[in-house]
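Please read the structure below before turning to the comments.
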Amino acid sequence: MLSAQQLQIDGRRDDLLPPTSLEARRGELLLVSGDGQDQRTALALALSGRMKTSKGLLSWDNSAKTKKLRAASALIDAPGVNEPEQHLSVRDLVTEDLSLIPRRYRGALLSKPWLKINRFEDIAGLWIEQLPADRRLELLTALALADPALDLLVLDSPDRHSANTTDWLPRLEQLAYDAGRPLAVVAVVSALPVGWDGPAAVIGNSVTHTAPAEPAEAAQEDPEEVPETLQRTAK
């Protein structure tokens with residue numbers, strides 16, 4: 001299980017990530033909503049062990065070791081961080097990503113047979129920018145899961161590629177609830193889909209708001225306690 005308690009990342013002026021708490025279990029899709037892209041990316045980086053937090057507690061399977069979290073997680077499609085370059089072809093992207101799989105799992109993973117086995121031959125010659133949103137997501141998540149050690153997927157703003165939730169939500173649900181390989185899936189999005197009744201959280205949900213002080217009631221003066229100078233003036 002992924003557990004985050006009051007995670008916070010300081011910025012130059014305002015918090016890059018305001019205090020946020022959440023939990024995500026294997027076999028579950030958690031959607032986390034947040035207004036700003038910078039905040040969404042910061043949270044995705046933190047939850048996958050790719051960015052150091054300023055405050056708060058973060059653990060994976062009751063371990064607070066960042067190395068363990070990073071080994072078990074994949075950060076997918078974070079803007080300006082690891083989103084695929086638009087000029088790459090699908091075939092080149094697959095070749096690059098498969099080369100990053102830990103050697104003990106890599107074996108004879110080659111792009112051509114991998115594309116065939118995973119049914120991406122039809123898009124192999126396309127540029128990344130040509131991919132429909134749903135196929136892009138299918139490709140990126142399949143590449144991440146080529147590493148059998150992964151149990152946690154963290155997706156940064158999958159809704160930015162399409163306003164239609166059917167282009168990304170069904171795929172994430174499929175991955176989370178796959179009985180053969182149940183994953184903890186966290187998607188940081190700009191807004192929760194209409195009608196979503198699954199696990200959800202909001203960036204900044206642990207911010208402490210201090211209630212404004214109530215105005216003090218005007219004290220009623222006791223004539224006997226009025227300062228002597230004012231008493232003389234009154235006379």
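By order of appearance in the structure tokens: chains A, B, ..., then residues from 1 within every chain, and ligands from 1 in the order shown.
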Please list as JSON, numbers by chain every residue within 9 Å of segment 19-35 of chain A, counting only C-alpha atoms and excluding residues in the same chain fewer than 6 positions away.
{"A": [1, 2, 3, 4, 5, 6, 7, 8, 9, 43, 55, 56, 151, 152, 172, 173, 175, 176, 177, 178, 179, 181, 182, 183, 184, 185, 186, 187, 188, 189, 190, 191, 192, 198, 199, 200, 201, 202, 203, 204, 205, 206, 207, 208]}
Selection export as a tab-separated table (two decimals), in the first residue's frame, atoms kept: C-alpha atoms:
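Generated output (again-v9.tsv):
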```tsv
chain	number	residue	atom	x	y	z
A	1	MET	CA	0.00	0.00	0.00
A	2	LEU	CA	1.10	3.55	-0.75
A	3	SER	CA	0.59	5.92	2.17
A	4	ALA	CA	1.21	9.67	2.12
A	5	GLN	CA	0.63	11.78	5.21
A	6	GLN	CA	0.78	15.57	4.93
A	7	LEU	CA	3.27	15.56	2.07
A	8	GLN	CA	4.55	19.04	1.37
A	9	ILE	CA	7.12	20.46	-1.05
A	43	LEU	CA	2.71	15.22	-6.40
A	55	LYS	CA	7.65	17.64	5.11
A	56	GLY	CA	5.37	14.68	5.69
A	151	ASP	CA	3.29	-2.73	-8.46
A	152	LEU	CA	2.54	1.01	-8.52
A	172	LEU	CA	-6.62	2.70	-15.72
A	173	GLU	CA	-9.50	0.74	-14.21
A	175	LEU	CA	-4.92	-2.09	-14.90
A	176	ALA	CA	-5.93	-1.57	-11.28
A	177	TYR	CA	-8.53	-4.32	-11.13
A	178	ASP	CA	-6.67	-6.97	-13.15
A	179	ALA	CA	-6.93	-10.08	-11.01
A	181	ARG	CA	-1.66	-8.58	-11.65
A	182	PRO	CA	-3.48	-6.15	-9.37
A	183	LEU	CA	-1.74	-2.80	-9.27
A	184	ALA	CA	-1.98	0.31	-7.17
A	185	VAL	CA	-2.79	2.99	-9.75
A	186	VAL	CA	-2.75	6.71	-8.93
A	187	ALA	CA	-3.80	9.26	-11.56
A	188	VAL	CA	-3.33	12.94	-10.78
A	189	VAL	CA	-5.95	14.81	-12.83
A	190	SER	CA	-7.30	18.33	-13.22
A	191	ALA	CA	-10.81	17.33	-12.14
A	192	LEU	CA	-12.64	14.17	-11.13
A	198	GLY	CA	-14.29	5.48	-6.53
A	199	PRO	CA	-11.36	6.39	-4.27
A	200	ALA	CA	-10.46	10.05	-4.59
A	201	ALA	CA	-8.37	12.77	-2.97
A	202	VAL	CA	-7.63	16.46	-3.53
A	203	ILE	CA	-4.25	18.17	-3.57
A	204	GLY	CA	-3.96	20.31	-0.45
A	205	ASN	CA	-6.48	18.27	1.56
A	206	SER	CA	-4.26	18.46	4.66
A	207	VAL	CA	-3.77	22.21	4.71
A	208	THR	CA	-4.53	23.55	8.17
```
Could you give me the residues within segment 19-128 of chain A that DSSP places in strand (DSSP E), as an mmCIF file with N, CA, C and O atoms, in the first residue's frame?
```cif
data_model
loop_
_atom_site.group_PDB
_atom_site.id
_atom_site.type_symbol
_atom_site.label_atom_id
_atom_site.label_comp_id
_atom_site.auth_asym_id
_atom_site.auth_seq_id
_atom_site.Cartn_x
_atom_site.Cartn_y
_atom_site.Cartn_z
ATOM 1 N N PRO A 19 0.255 20.673 1.729
ATOM 2 C CA PRO A 19 0.109 19.428 2.473
ATOM 3 C C PRO A 19 -1.033 18.560 1.952
ATOM 4 O O PRO A 19 -2.174 19.010 1.856
ATOM 5 N N THR A 20 -0.689 17.316 1.614
ATOM 6 C CA THR A 20 -1.647 16.389 0.988
ATOM 7 C C THR A 20 -1.494 14.998 1.586
ATOM 8 O O THR A 20 -0.378 14.517 1.770
ATOM 9 N N SER A 21 -2.614 14.375 1.872
ATOM 10 C CA SER A 21 -2.609 13.011 2.417
ATOM 11 C C SER A 21 -3.472 12.111 1.547
ATOM 12 O O SER A 21 -4.516 12.532 1.037
ATOM 13 N N LEU A 22 -3.038 10.853 1.392
ATOM 14 C CA LEU A 22 -3.806 9.891 0.602
ATOM 15 C C LEU A 22 -3.284 8.487 0.852
ATOM 16 O O LEU A 22 -2.210 8.293 1.424
ATOM 17 N N GLU A 23 -4.060 7.501 0.406
ATOM 18 C CA GLU A 23 -3.657 6.102 0.453
ATOM 19 C C GLU A 23 -4.112 5.418 -0.828
ATOM 20 O O GLU A 23 -5.185 5.731 -1.354
ATOM 21 N N ALA A 24 -3.282 4.512 -1.338
ATOM 22 C CA ALA A 24 -3.636 3.753 -2.534
ATOM 23 C C ALA A 24 -3.212 2.308 -2.334
ATOM 24 O O ALA A 24 -2.049 2.037 -1.996
ATOM 25 N N GLU A 28 -6.610 -1.120 -6.794
ATOM 26 C CA GLU A 28 -7.419 0.082 -6.601
ATOM 27 C C GLU A 28 -6.905 1.209 -7.488
ATOM 28 O O GLU A 28 -5.706 1.383 -7.679
ATOM 29 N N LEU A 29 -7.852 1.968 -8.042
ATOM 30 C CA LEU A 29 -7.528 3.171 -8.802
ATOM 31 C C LEU A 29 -7.902 4.381 -7.963
ATOM 32 O O LEU A 29 -9.059 4.561 -7.599
ATOM 33 N N LEU A 30 -6.902 5.201 -7.648
ATOM 34 C CA LEU A 30 -7.123 6.423 -6.885
ATOM 35 C C LEU A 30 -6.952 7.617 -7.814
ATOM 36 O O LEU A 30 -5.921 7.748 -8.491
ATOM 37 N N LEU A 31 -7.959 8.485 -7.869
ATOM 38 C CA LEU A 31 -7.862 9.721 -8.635
ATOM 39 C C LEU A 31 -7.626 10.887 -7.679
ATOM 40 O O LEU A 31 -8.348 11.039 -6.692
ATOM 41 N N VAL A 32 -6.610 11.686 -7.980
ATOM 42 C CA VAL A 32 -6.277 12.848 -7.153
ATOM 43 C C VAL A 32 -6.423 14.089 -8.021
ATOM 44 O O VAL A 32 -5.765 14.207 -9.058
ATOM 45 N N SER A 33 -7.265 15.006 -7.621
ATOM 46 C CA SER A 33 -7.506 16.206 -8.428
ATOM 47 C C SER A 33 -6.722 17.394 -7.891
ATOM 48 O O SER A 33 -6.488 17.525 -6.690
ATOM 49 N N LYS A 55 8.269 18.090 3.855
ATOM 50 C CA LYS A 55 7.648 17.637 5.105
ATOM 51 C C LYS A 55 6.725 16.468 4.796
ATOM 52 O O LYS A 55 6.373 16.224 3.644
ATOM 53 N N GLY A 56 6.327 15.751 5.846
ATOM 54 C CA GLY A 56 5.368 14.679 5.691
ATOM 55 C C GLY A 56 6.010 13.299 5.668
ATOM 56 O O GLY A 56 7.237 13.154 5.684
ATOM 57 N N LEU A 57 5.163 12.289 5.623
ATOM 58 C CA LEU A 57 5.603 10.896 5.637
ATOM 59 C C LEU A 57 5.097 10.189 4.386
ATOM 60 O O LEU A 57 3.936 10.335 3.998
ATOM 61 N N LEU A 58 5.971 9.397 3.776
ATOM 62 C CA LEU A 58 5.628 8.650 2.574
ATOM 63 C C LEU A 58 6.164 7.238 2.716
ATOM 64 O O LEU A 58 7.343 7.045 3.042
ATOM 65 N N SER A 59 5.311 6.246 2.477
ATOM 66 C CA SER A 59 5.765 4.868 2.618
ATOM 67 C C SER A 59 5.097 3.966 1.587
ATOM 68 O O SER A 59 4.001 4.250 1.105
ATOM 69 N N TRP A 60 5.798 2.890 1.267
ATOM 70 C CA TRP A 60 5.274 1.851 0.383
ATOM 71 C C TRP A 60 5.429 0.524 1.112
ATOM 72 O O TRP A 60 6.527 0.149 1.505
ATOM 73 N N SER A 73 7.692 1.437 -8.430
ATOM 74 C CA SER A 73 6.772 2.373 -9.082
ATOM 75 C C SER A 73 7.262 2.823 -10.446
ATOM 76 O O SER A 73 8.454 2.762 -10.763
ATOM 77 N N ALA A 74 6.310 3.311 -11.234
ATOM 78 C CA ALA A 74 6.624 3.934 -12.514
ATOM 79 C C ALA A 74 5.902 5.262 -12.601
ATOM 80 O O ALA A 74 4.705 5.342 -12.312
ATOM 81 N N LEU A 75 6.639 6.292 -12.966
ATOM 82 C CA LEU A 75 6.052 7.602 -13.237
ATOM 83 C C LEU A 75 5.771 7.666 -14.730
ATOM 84 O O LEU A 75 6.674 7.476 -15.548
ATOM 85 N N ILE A 76 4.517 7.938 -15.091
ATOM 86 C CA ILE A 76 4.129 7.866 -16.500
ATOM 87 C C ILE A 76 3.690 9.220 -17.032
ATOM 88 O O ILE A 76 2.781 9.852 -16.482
#
```
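Residues with any atom within 6 Å of segment 44-52 of chain A, counting only C-alpha atoms and excluding same-chain neighbours fewer than 2 positions away, are A:Thr41, A:Ala42, A:Thr66, A:Leu69, A:Arg70, A:Ser73, A:Asp156.
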Those same residues, written as a PDB file, in the first residue's frame with N, CA and C atoms?
```pdb
ATOM      1  N   THR A  41       2.257  17.717 -11.116  1.00  0.00           N
ATOM      2  CA  THR A  41       3.529  17.062 -11.426  1.00  0.00           C
ATOM      3  C   THR A  41       4.358  16.849 -10.165  1.00  0.00           C
ATOM      4  N   ALA A  42       4.371  17.820  -9.272  1.00  0.00           N
ATOM      5  CA  ALA A  42       5.117  17.678  -8.019  1.00  0.00           C
ATOM      6  C   ALA A  42       4.595  16.486  -7.215  1.00  0.00           C
ATOM      7  N   THR A  66      13.072   5.356   0.175  1.00  0.00           N
ATOM      8  CA  THR A  66      12.803   5.874  -1.165  1.00  0.00           C
ATOM      9  C   THR A  66      13.224   4.879  -2.239  1.00  0.00           C
ATOM     10  N   LEU A  69      10.496   2.379  -2.875  1.00  0.00           N
ATOM     11  CA  LEU A  69       9.368   2.976  -3.574  1.00  0.00           C
ATOM     12  C   LEU A  69       9.688   3.161  -5.052  1.00  0.00           C
ATOM     13  N   ARG A  70      10.862   3.654  -5.355  1.00  0.00           N
ATOM     14  CA  ARG A  70      11.243   3.880  -6.749  1.00  0.00           C
ATOM     15  C   ARG A  70      11.293   2.581  -7.531  1.00  0.00           C
ATOM     16  N   SER A  73       7.692   1.437  -8.430  1.00  0.00           N
ATOM     17  CA  SER A  73       6.772   2.373  -9.082  1.00  0.00           C
ATOM     18  C   SER A  73       7.262   2.823 -10.446  1.00  0.00           C
ATOM     19  N   ASP A 156       0.675  11.232 -14.496  1.00  0.00           N
ATOM     20  CA  ASP A 156       0.574  12.685 -14.366  1.00  0.00           C
ATOM     21  C   ASP A 156      -0.335  13.237 -15.460  1.00  0.00           C
TER      22      ASP A 156
END
```
Can you list, as a PyMOL selection string, every residue of segment 10-146 of chain A that DSSP puts in alpha helix (DSSP H)?
chain A and resi 37-47+66-72+90-99+103-106+111-117+133-144
Between atom CA of Ser54 of chain A and atom CA of Ser157 of chain A, what is the distance in Å, rounded to a tenth?
22.7 Å
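Compared by their closest atoms to Gln174 of chain A, and using only C-alpha atoms, the residues A:Leu109, A:Arg91, A:Thr141, A:Pro132 rank with A:Thr141 nearest.
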